[in-house]
$ cat entry04.cif   # mmCIF, C-alpha atoms
data_my_file
loop_
_atom_site.label_atom_id
_atom_site.label_comp_id
_atom_site.auth_asym_id
_atom_site.auth_seq_id
_atom_site.Cartn_x
_atom_site.Cartn_y
_atom_site.Cartn_z
CA MET A 1 -17.64 -15.30 1.02
CA THR A 2 -16.08 -18.52 2.16
CA GLU A 3 -16.73 -20.35 5.41
CA ALA A 4 -13.51 -18.82 6.73
CA PHE A 5 -15.60 -15.73 7.52
CA ASP A 6 -18.74 -17.42 8.89
CA ASP A 7 -17.86 -16.50 12.49
CA LEU A 8 -17.53 -12.84 11.52
CA LEU A 9 -20.78 -12.77 9.58
CA ALA A 10 -22.60 -14.40 12.52
CA ALA A 11 -21.13 -11.87 14.94
CA ASN A 12 -22.19 -9.06 12.62
CA GLU A 13 -25.77 -10.35 12.61
CA VAL A 14 -25.82 -9.98 16.40
CA PHE A 15 -24.16 -6.55 16.21
CA ALA A 16 -26.57 -5.26 13.55
CA ARG A 17 -29.64 -6.21 15.63
CA SER A 18 -28.74 -3.58 18.24
CA PHE A 19 -26.86 -1.13 16.01
CA GLN A 20 -27.20 2.42 17.37
CA HIS A 21 -24.80 4.53 15.32
CA SER A 22 -26.86 5.33 12.24
CA ASP A 23 -26.89 9.00 13.26
CA LEU A 24 -23.09 9.35 13.00
CA THR A 25 -21.49 11.21 10.11
CA GLY A 26 -18.00 10.74 8.70
CA ARG A 27 -16.70 13.68 10.73
CA ALA A 28 -14.56 13.12 13.83
CA LYS A 29 -16.76 14.44 16.66
CA ARG A 30 -13.76 15.02 18.95
CA GLY A 31 -11.59 16.44 16.15
CA LEU A 32 -9.02 13.70 16.66
CA ALA A 33 -7.01 11.40 14.42
CA VAL A 34 -4.94 8.64 16.01
CA VAL A 35 -2.05 7.04 14.15
CA THR A 36 -1.38 3.69 15.78
CA CYS A 37 -0.16 0.19 15.08
CA MET A 38 -2.19 -2.67 13.66
CA ASP A 39 -1.34 -4.76 16.74
CA SER A 40 -4.54 -6.44 17.92
CA ARG A 41 -3.72 -5.69 21.58
CA ILE A 42 -4.49 -2.03 20.95
CA ASP A 43 -8.10 -0.87 21.36
CA PRO A 44 -7.67 2.83 20.55
CA LEU A 45 -11.21 3.98 21.26
CA ASN A 46 -11.41 2.38 24.69
CA LEU A 47 -7.90 3.22 25.85
CA LEU A 48 -8.47 6.89 25.04
CA GLY A 49 -12.01 7.07 26.46
CA LEU A 50 -13.56 7.54 23.04
CA SER A 51 -16.69 6.24 21.35
CA ALA A 52 -17.63 5.40 17.78
CA GLY A 53 -17.56 8.55 15.66
CA ASP A 54 -15.18 10.47 17.95
CA ALA A 55 -11.94 9.97 16.01
CA LYS A 56 -10.29 8.79 12.83
CA ILE A 57 -8.12 5.75 13.52
CA LEU A 58 -5.20 5.20 11.11
CA ARG A 59 -3.40 1.90 11.61
CA ASN A 60 -0.32 0.33 10.09
CA ALA A 61 2.62 -1.81 11.15
CA GLY A 62 4.64 0.21 13.66
CA ALA A 63 2.33 3.26 13.79
CA ARG A 64 4.52 4.99 11.22
CA VAL A 65 3.69 8.27 9.51
CA THR A 66 4.02 7.08 5.93
CA ASP A 67 3.05 8.90 2.75
CA ASP A 68 -0.33 7.17 2.88
CA VAL A 69 -0.90 8.33 6.46
CA LEU A 70 -0.12 11.90 5.39
CA ARG A 71 -2.54 11.58 2.46
CA THR A 72 -5.21 10.32 4.84
CA LEU A 73 -4.53 13.10 7.34
CA ILE A 74 -5.02 15.72 4.63
CA LEU A 75 -8.49 14.30 3.96
CA ALA A 76 -9.24 13.98 7.68
CA VAL A 77 -8.22 17.58 8.40
CA TYR A 78 -9.86 19.33 5.45
CA LEU A 79 -12.93 17.15 4.94
CA LEU A 80 -13.65 15.30 8.19
CA GLY A 81 -13.16 17.72 11.08
CA VAL A 82 -9.77 16.68 12.44
CA ASP A 83 -7.78 19.41 14.22
CA ARG A 84 -5.41 17.27 16.32
CA VAL A 85 -3.35 14.15 15.72
CA LEU A 86 -1.98 11.69 18.25
CA VAL A 87 0.80 9.41 17.02
CA MET A 88 0.71 6.35 19.26
CA PRO A 89 3.15 3.46 18.80
CA HIS A 90 3.36 0.80 21.50
CA THR A 91 5.70 -1.29 23.59
CA ASP A 92 6.58 -4.83 22.53
CA CYS A 93 6.13 -3.94 18.84
CA ARG A 94 7.45 -6.42 16.26
CA MET A 95 8.54 -3.51 14.04
CA ALA A 96 10.81 -2.29 16.84
CA LYS A 97 12.45 -5.70 17.25
CA SER A 98 13.77 -6.19 13.70
CA THR A 99 15.38 -4.37 10.83
CA ASP A 100 13.88 -4.23 7.35
CA GLU A 101 16.65 -6.59 6.23
CA GLN A 102 15.75 -9.13 8.91
CA VAL A 103 12.06 -9.01 7.93
CA HIS A 104 12.93 -9.49 4.24
CA GLU A 105 15.19 -12.43 5.12
CA LEU A 106 12.58 -14.07 7.36
CA ILE A 107 9.82 -13.83 4.76
CA SER A 108 12.15 -15.08 2.04
CA ARG A 109 13.40 -18.00 4.13
CA GLU A 110 10.04 -19.03 5.58
CA TYR A 111 7.76 -18.34 2.61
CA GLY A 112 9.96 -18.02 -0.47
CA ILE A 113 8.72 -14.50 -1.21
CA ASP A 114 11.13 -11.72 -2.21
CA THR A 115 9.90 -8.54 -0.49
CA ARG A 116 13.00 -6.42 -1.04
CA SER A 117 11.06 -3.94 -3.20
CA LEU A 118 9.07 -2.97 -0.08
CA GLU A 119 10.02 -0.74 2.81
CA PHE A 120 8.61 -2.03 6.10
CA HIS A 121 9.55 1.07 8.16
CA THR A 122 10.99 -0.92 11.04
CA VAL A 123 12.03 1.08 14.07
CA ALA A 124 15.53 0.92 15.55
CA ASP A 125 14.80 3.64 18.13
CA GLN A 126 11.11 3.98 18.93
CA ASP A 127 11.32 7.37 20.68
CA ALA A 128 13.42 8.86 17.86
CA ALA A 129 11.05 7.45 15.23
CA LEU A 130 8.03 8.86 17.09
CA ARG A 131 9.62 12.31 17.30
CA ARG A 132 10.58 12.16 13.60
CA ASP A 133 7.00 11.18 12.67
CA MET A 134 5.55 13.99 14.77
CA ILE A 135 7.87 16.47 13.06
CA ARG A 136 6.90 15.04 9.68
CA ILE A 137 3.24 15.86 10.37
CA ARG A 138 4.03 19.29 11.81
CA THR A 139 6.14 20.31 8.84
CA TYR A 140 4.13 18.69 6.05
CA PRO A 141 3.31 21.54 3.65
CA TYR A 142 -0.27 20.40 2.95
CA LEU A 143 -1.30 20.33 6.61
CA PRO A 144 -2.17 23.54 8.48
CA ASP A 145 0.16 25.07 11.07
CA ARG A 146 -2.75 25.15 13.55
CA LEU A 147 -2.91 21.31 13.61
CA ALA A 148 -2.07 20.06 17.12
CA VAL A 149 0.30 17.08 17.02
CA GLY A 150 1.14 14.91 20.00
CA GLY A 151 2.86 11.62 20.64
CA ALA A 152 2.67 8.88 23.25
CA VAL A 153 3.81 5.29 23.53
CA TYR A 154 1.10 2.86 24.64
CA ASP A 155 2.28 0.20 27.07
CA VAL A 156 0.55 -3.04 26.05
CA HIS A 157 1.33 -4.59 29.45
CA THR A 158 -0.10 -1.85 31.68
CA GLY A 159 -2.59 -0.01 29.44
CA LYS A 160 -0.86 3.31 30.18
CA LEU A 161 0.15 6.03 27.75
CA MET A 162 3.61 7.52 28.08
CA PRO A 163 3.66 11.00 26.47
CA VAL A 164 6.67 11.91 24.34
CA GLU A 165 7.60 15.56 23.84
CA LEU A 166 9.54 17.03 20.95
#

$ encode --input "entry04.cif" --output "structure tokens"
Amino acid sequence: MTEAFDDLLAANEVFARSFQHSDLTGRAKRGLAVVTCMDSRIDPLNLLGLSAGDAKILRNAGARVTDDVLRTLILAVYLLGVDRVLVMPHTDCRMAKSTDEQVHELISREYGIDTRSLEFHTVADQDAALRRDMIRIRTYPYLPDRLAVGGAVYDVHTGKLMPVEL
């Protein structure tokens, strides 16, 4: 590894000295999977009162239920003890402030990279997108009908969750 990661390796040395989770398995002790954004302001375990090993945390830009999230949920449900899913986007999300076209243009203009072959899953209407993603999980043919699916928007300025019903 390069020196760009020295701070992380040093922090890991400290962490490993008092590591106490060797008894955990890959199963979600609380039966929960959380689909949330990659935004670094979100600390999903702490904001939900969870600990290491309690839940599967699936993160991507915008907390979108993509094909890869569905693939991961199948594994989480059938192999890792998940029986409920919380989809949790957040306020002040960059994916809710732009269109895919604007993101492509910005990256092209600033970095000279053509990203038009990618879909960024930007969000014009966050509540509508959340409801659509919840329905996508509920109706996905490879996931069981018994799977509980909920949604809430996390407010990055207050720390509160705002539940969204279908």

$ closest_residue --input "entry04.cif" --among "A:Ala63, A:Ala55, A:Val123, A:Leu50" --to "A:Met88" --atoms "all atoms listed in the file"
A:Ala63

$ residues_around --input "entry04.cif" --residues "A:Arg30" --least-positions-apart "5" --cutoff "10 Å" --atoms "only C-alpha atoms" --output "NGL selection string"
:A and (50-51 or 53-56 or 81-84)

$ residues_around --input "entry04.cif" --residues "A:Gly159" --least-positions-apart "6" --cutoff "10 Å" --atoms "all atoms listed in the file" --output "number ranges by chain"
A: 41-43, 47, 90

$ residues_around --input "entry04.cif" --residues "A:Pro89" --least-positions-apart "3" --cutoff "9 Å" --atoms "all atoms listed in the file" --output "list in words"
Val35, Thr36, Cys37, Gly62, Ala63, Arg64, Cys93, Gln126, Leu130, Gly151, Ala152, Val153, Tyr154 and Asp155 of chain A

$ write_last_selection --input "entry04.cif" --atoms "C-alpha atoms" --output "PDB file, in the frame of the given file"
ATOM      1  CA  VAL A  35      -2.050   7.040  14.150  1.00  0.00           C
ATOM      2  CA  THR A  36      -1.380   3.690  15.780  1.00  0.00           C
ATOM      3  CA  CYS A  37      -0.160   0.190  15.080  1.00  0.00           C
ATOM      4  CA  GLY A  62       4.640   0.210  13.660  1.00  0.00           C
ATOM      5  CA  ALA A  63       2.330   3.260  13.790  1.00  0.00           C
ATOM      6  CA  ARG A  64       4.520   4.990  11.220  1.00  0.00           C
ATOM      7  CA  CYS A  93       6.130  -3.940  18.840  1.00  0.00           C
ATOM      8  CA  GLN A 126      11.110   3.980  18.930  1.00  0.00           C
ATOM      9  CA  LEU A 130       8.030   8.860  17.090  1.00  0.00           C
ATOM     10  CA  GLY A 151       2.860  11.620  20.640  1.00  0.00           C
ATOM     11  CA  ALA A 152       2.670   8.880  23.250  1.00  0.00           C
ATOM     12  CA  VAL A 153       3.810   5.290  23.530  1.00  0.00           C
ATOM     13  CA  TYR A 154       1.100   2.860  24.640  1.00  0.00           C
ATOM     14  CA  ASP A 155       2.280   0.200  27.070  1.00  0.00           C
TER      15      ASP A 155
END

$ atom_distance --input "entry04.cif" --atom1 "atom CA of A:Val85" --atom2 "atom CA of A:Asp133"
11.2 Å

$ resolve_selection --input "entry04.cif" --expression "the PyMOL selection byres ((chain A and resi 96-104) around 7)" --output "list of chain:residue names"
A:Cys93, A:Arg94, A:Met95, A:Glu105, A:Leu106, A:Ile107, A:Ser108, A:Thr115, A:Arg116, A:Glu119, A:Phe120, A:His121, A:Thr122, A:Val123, A:Ala124, A:Gln126

$ atom_distance --input "entry04.cif" --atom1 "atom CA of A:Leu58" --atom2 "atom CA of A:Leu79"
15.5 Å

$ resolve_selection --input "entry04.cif" --expression "the PyMOL selection byres ((chain A and resi 136-142) around 10)" --output "MDAnalysis selection string"
chainID A and resid 65:66 69:71 73:74 78 85 87 130:135 143:150

$ atom_distance --input "entry04.cif" --atom1 "atom CA of A:Val34" --atom2 "atom CA of A:Val77"
12.2 Å

$ decode --input "entry04.cif" --residues "stretch 31-152 of chain A" --atoms "C-alpha atoms" --output "mmCIF file, in the first residue's frame"
data_model
loop_
_atom_site.group_PDB
_atom_site.id
_atom_site.type_symbol
_atom_site.label_atom_id
_atom_site.label_comp_id
_atom_site.auth_asym_id
_atom_site.auth_seq_id
_atom_site.Cartn_x
_atom_site.Cartn_y
_atom_site.Cartn_z
ATOM 1 C CA GLY A 31 -32.569 -9.507 11.054
ATOM 2 C CA LEU A 32 -32.158 -6.104 9.434
ATOM 3 C CA ALA A 33 -30.736 -4.800 6.171
ATOM 4 C CA VAL A 34 -30.424 -1.040 5.678
ATOM 5 C CA VAL A 35 -30.159 0.468 2.207
ATOM 6 C CA THR A 36 -28.653 3.916 2.595
ATOM 7 C CA CYS A 37 -26.476 6.462 0.866
ATOM 8 C CA MET A 38 -22.693 6.525 0.792
ATOM 9 C CA ASP A 39 -22.758 10.039 2.292
ATOM 10 C CA SER A 40 -20.166 10.168 5.075
ATOM 11 C CA ARG A 41 -22.538 12.108 7.359
ATOM 12 C CA ILE A 42 -24.596 8.948 7.818
ATOM 13 C CA ASP A 43 -23.599 6.572 10.622
ATOM 14 C CA PRO A 44 -26.285 3.902 10.169
ATOM 15 C CA LEU A 45 -25.432 1.729 13.161
ATOM 16 C CA ASN A 46 -25.407 4.576 15.665
ATOM 17 C CA LEU A 47 -28.416 6.453 14.323
ATOM 18 C CA LEU A 48 -30.523 3.288 14.528
ATOM 19 C CA GLY A 49 -29.213 2.158 17.927
ATOM 20 C CA LEU A 50 -27.427 -0.841 16.444
ATOM 21 C CA SER A 51 -24.082 -2.510 17.078
ATOM 22 C CA ALA A 52 -21.612 -4.405 14.937
ATOM 23 C CA GLY A 53 -23.204 -7.618 13.679
ATOM 24 C CA ASP A 54 -26.810 -6.402 14.050
ATOM 25 C CA ALA A 55 -27.519 -5.492 10.421
ATOM 26 C CA LYS A 56 -26.372 -5.622 6.830
ATOM 27 C CA ILE A 57 -25.585 -2.129 5.557
ATOM 28 C CA LEU A 58 -25.902 -1.607 1.787
ATOM 29 C CA ARG A 59 -24.644 1.763 0.598
ATOM 30 C CA ASN A 60 -24.637 3.534 -2.743
ATOM 31 C CA ALA A 61 -25.079 7.031 -4.127
ATOM 32 C CA GLY A 62 -28.632 8.118 -3.334
ATOM 33 C CA ALA A 63 -29.660 4.990 -1.368
ATOM 34 C CA ARG A 64 -31.214 3.558 -4.519
ATOM 35 C CA VAL A 65 -32.544 0.020 -4.870
ATOM 36 C CA THR A 66 -30.508 -0.995 -7.896
ATOM 37 C CA ASP A 67 -30.141 -4.445 -9.423
ATOM 38 C CA ASP A 68 -27.021 -4.953 -7.315
ATOM 39 C CA VAL A 69 -28.896 -4.036 -4.135
ATOM 40 C CA LEU A 70 -31.584 -6.582 -5.021
ATOM 41 C CA ARG A 71 -28.909 -9.234 -5.665
ATOM 42 C CA THR A 72 -27.365 -8.447 -2.284
ATOM 43 C CA LEU A 73 -30.751 -8.554 -0.536
ATOM 44 C CA ILE A 74 -31.407 -12.030 -1.933
ATOM 45 C CA LEU A 75 -28.172 -13.235 -0.326
ATOM 46 C CA ALA A 76 -28.900 -11.348 2.901
ATOM 47 C CA VAL A 77 -32.408 -12.814 3.195
ATOM 48 C CA TYR A 78 -31.700 -16.423 2.275
ATOM 49 C CA LEU A 79 -28.182 -16.840 3.650
ATOM 50 C CA LEU A 80 -27.610 -14.197 6.330
ATOM 51 C CA GLY A 81 -30.757 -13.946 8.455
ATOM 52 C CA VAL A 82 -32.384 -10.779 7.118
ATOM 53 C CA ASP A 83 -36.181 -10.583 7.467
ATOM 54 C CA ARG A 84 -36.689 -6.804 7.230
ATOM 55 C CA VAL A 85 -35.301 -4.021 5.070
ATOM 56 C CA LEU A 86 -35.176 -0.305 5.775
ATOM 57 C CA VAL A 87 -34.573 1.944 2.768
ATOM 58 C CA MET A 88 -33.083 5.153 4.140
ATOM 59 C CA PRO A 89 -32.129 8.046 1.851
ATOM 60 C CA HIS A 90 -31.276 11.396 3.421
ATOM 61 C CA THR A 91 -31.808 15.125 3.201
ATOM 62 C CA ASP A 92 -29.273 17.325 1.425
ATOM 63 C CA CYS A 93 -28.311 14.478 -0.934
ATOM 64 C CA ARG A 94 -26.246 15.358 -4.014
ATOM 65 C CA MET A 95 -28.182 12.766 -6.045
ATOM 66 C CA ALA A 96 -31.395 14.671 -5.305
ATOM 67 C CA LYS A 97 -29.931 17.981 -6.469
ATOM 68 C CA SER A 98 -28.983 17.020 -10.041
ATOM 69 C CA THR A 99 -30.165 15.059 -13.025
ATOM 70 C CA ASP A 100 -28.138 12.282 -14.623
ATOM 71 C CA GLU A 101 -27.516 14.633 -17.550
ATOM 72 C CA GLN A 102 -26.120 17.325 -15.255
ATOM 73 C CA VAL A 103 -23.787 14.827 -13.561
ATOM 74 C CA HIS A 104 -22.548 13.550 -16.943
ATOM 75 C CA GLU A 105 -21.945 17.130 -18.103
ATOM 76 C CA LEU A 106 -20.117 18.113 -14.918
ATOM 77 C CA ILE A 107 -17.786 15.109 -15.026
ATOM 78 C CA SER A 108 -17.139 15.623 -18.728
ATOM 79 C CA ARG A 109 -16.450 19.338 -18.331
ATOM 80 C CA GLU A 110 -14.349 19.104 -15.166
ATOM 81 C CA TYR A 111 -12.490 15.849 -15.803
ATOM 82 C CA GLY A 112 -12.811 15.061 -19.507
ATOM 83 C CA ILE A 113 -14.460 11.698 -18.837
ATOM 84 C CA ASP A 114 -17.489 10.542 -20.835
ATOM 85 C CA THR A 115 -19.801 8.764 -18.375
ATOM 86 C CA ARG A 116 -22.901 8.650 -20.568
ATOM 87 C CA SER A 117 -22.858 4.825 -20.616
ATOM 88 C CA LEU A 118 -23.629 4.892 -16.875
ATOM 89 C CA GLU A 119 -26.887 5.503 -15.072
ATOM 90 C CA PHE A 120 -26.373 7.450 -11.850
ATOM 91 C CA HIS A 121 -29.957 7.020 -10.559
ATOM 92 C CA THR A 122 -30.355 10.659 -9.580
ATOM 93 C CA VAL A 123 -33.554 11.539 -7.769
ATOM 94 C CA ALA A 124 -35.935 14.247 -8.980
ATOM 95 C CA ASP A 125 -38.504 13.508 -6.251
ATOM 96 C CA GLN A 126 -37.003 11.840 -3.198
ATOM 97 C CA ASP A 127 -40.290 10.677 -1.632
ATOM 98 C CA ALA A 128 -41.511 9.206 -4.940
ATOM 99 C CA ALA A 129 -38.168 7.478 -5.511
ATOM 100 C CA LEU A 130 -38.222 6.038 -1.984
ATOM 101 C CA ARG A 131 -41.744 4.689 -2.468
ATOM 102 C CA ARG A 132 -40.788 3.235 -5.868
ATOM 103 C CA ASP A 133 -37.721 1.542 -4.340
ATOM 104 C CA MET A 134 -39.783 0.107 -1.488
ATOM 105 C CA ILE A 135 -42.286 -1.293 -3.998
ATOM 106 C CA ARG A 136 -39.422 -2.709 -6.054
ATOM 107 C CA ILE A 137 -38.245 -4.737 -3.045
ATOM 108 C CA ARG A 138 -41.773 -5.803 -2.075
ATOM 109 C CA THR A 139 -42.606 -7.033 -5.559
ATOM 110 C CA TYR A 140 -39.241 -8.535 -6.518
ATOM 111 C CA PRO A 141 -40.001 -12.159 -7.436
ATOM 112 C CA TYR A 142 -36.904 -13.613 -5.748
ATOM 113 C CA LEU A 143 -37.639 -12.082 -2.352
ATOM 114 C CA PRO A 144 -40.238 -13.609 -0.007
ATOM 115 C CA ASP A 145 -43.627 -11.995 0.583
ATOM 116 C CA ARG A 146 -42.985 -12.169 4.345
ATOM 117 C CA LEU A 147 -40.072 -9.682 4.043
ATOM 118 C CA ALA A 148 -40.924 -6.495 5.965
ATOM 119 C CA VAL A 149 -39.993 -3.372 3.988
ATOM 120 C CA GLY A 150 -39.955 0.130 5.418
ATOM 121 C CA GLY A 151 -38.709 3.529 4.373
ATOM 122 C CA ALA A 152 -37.546 6.679 6.127
#
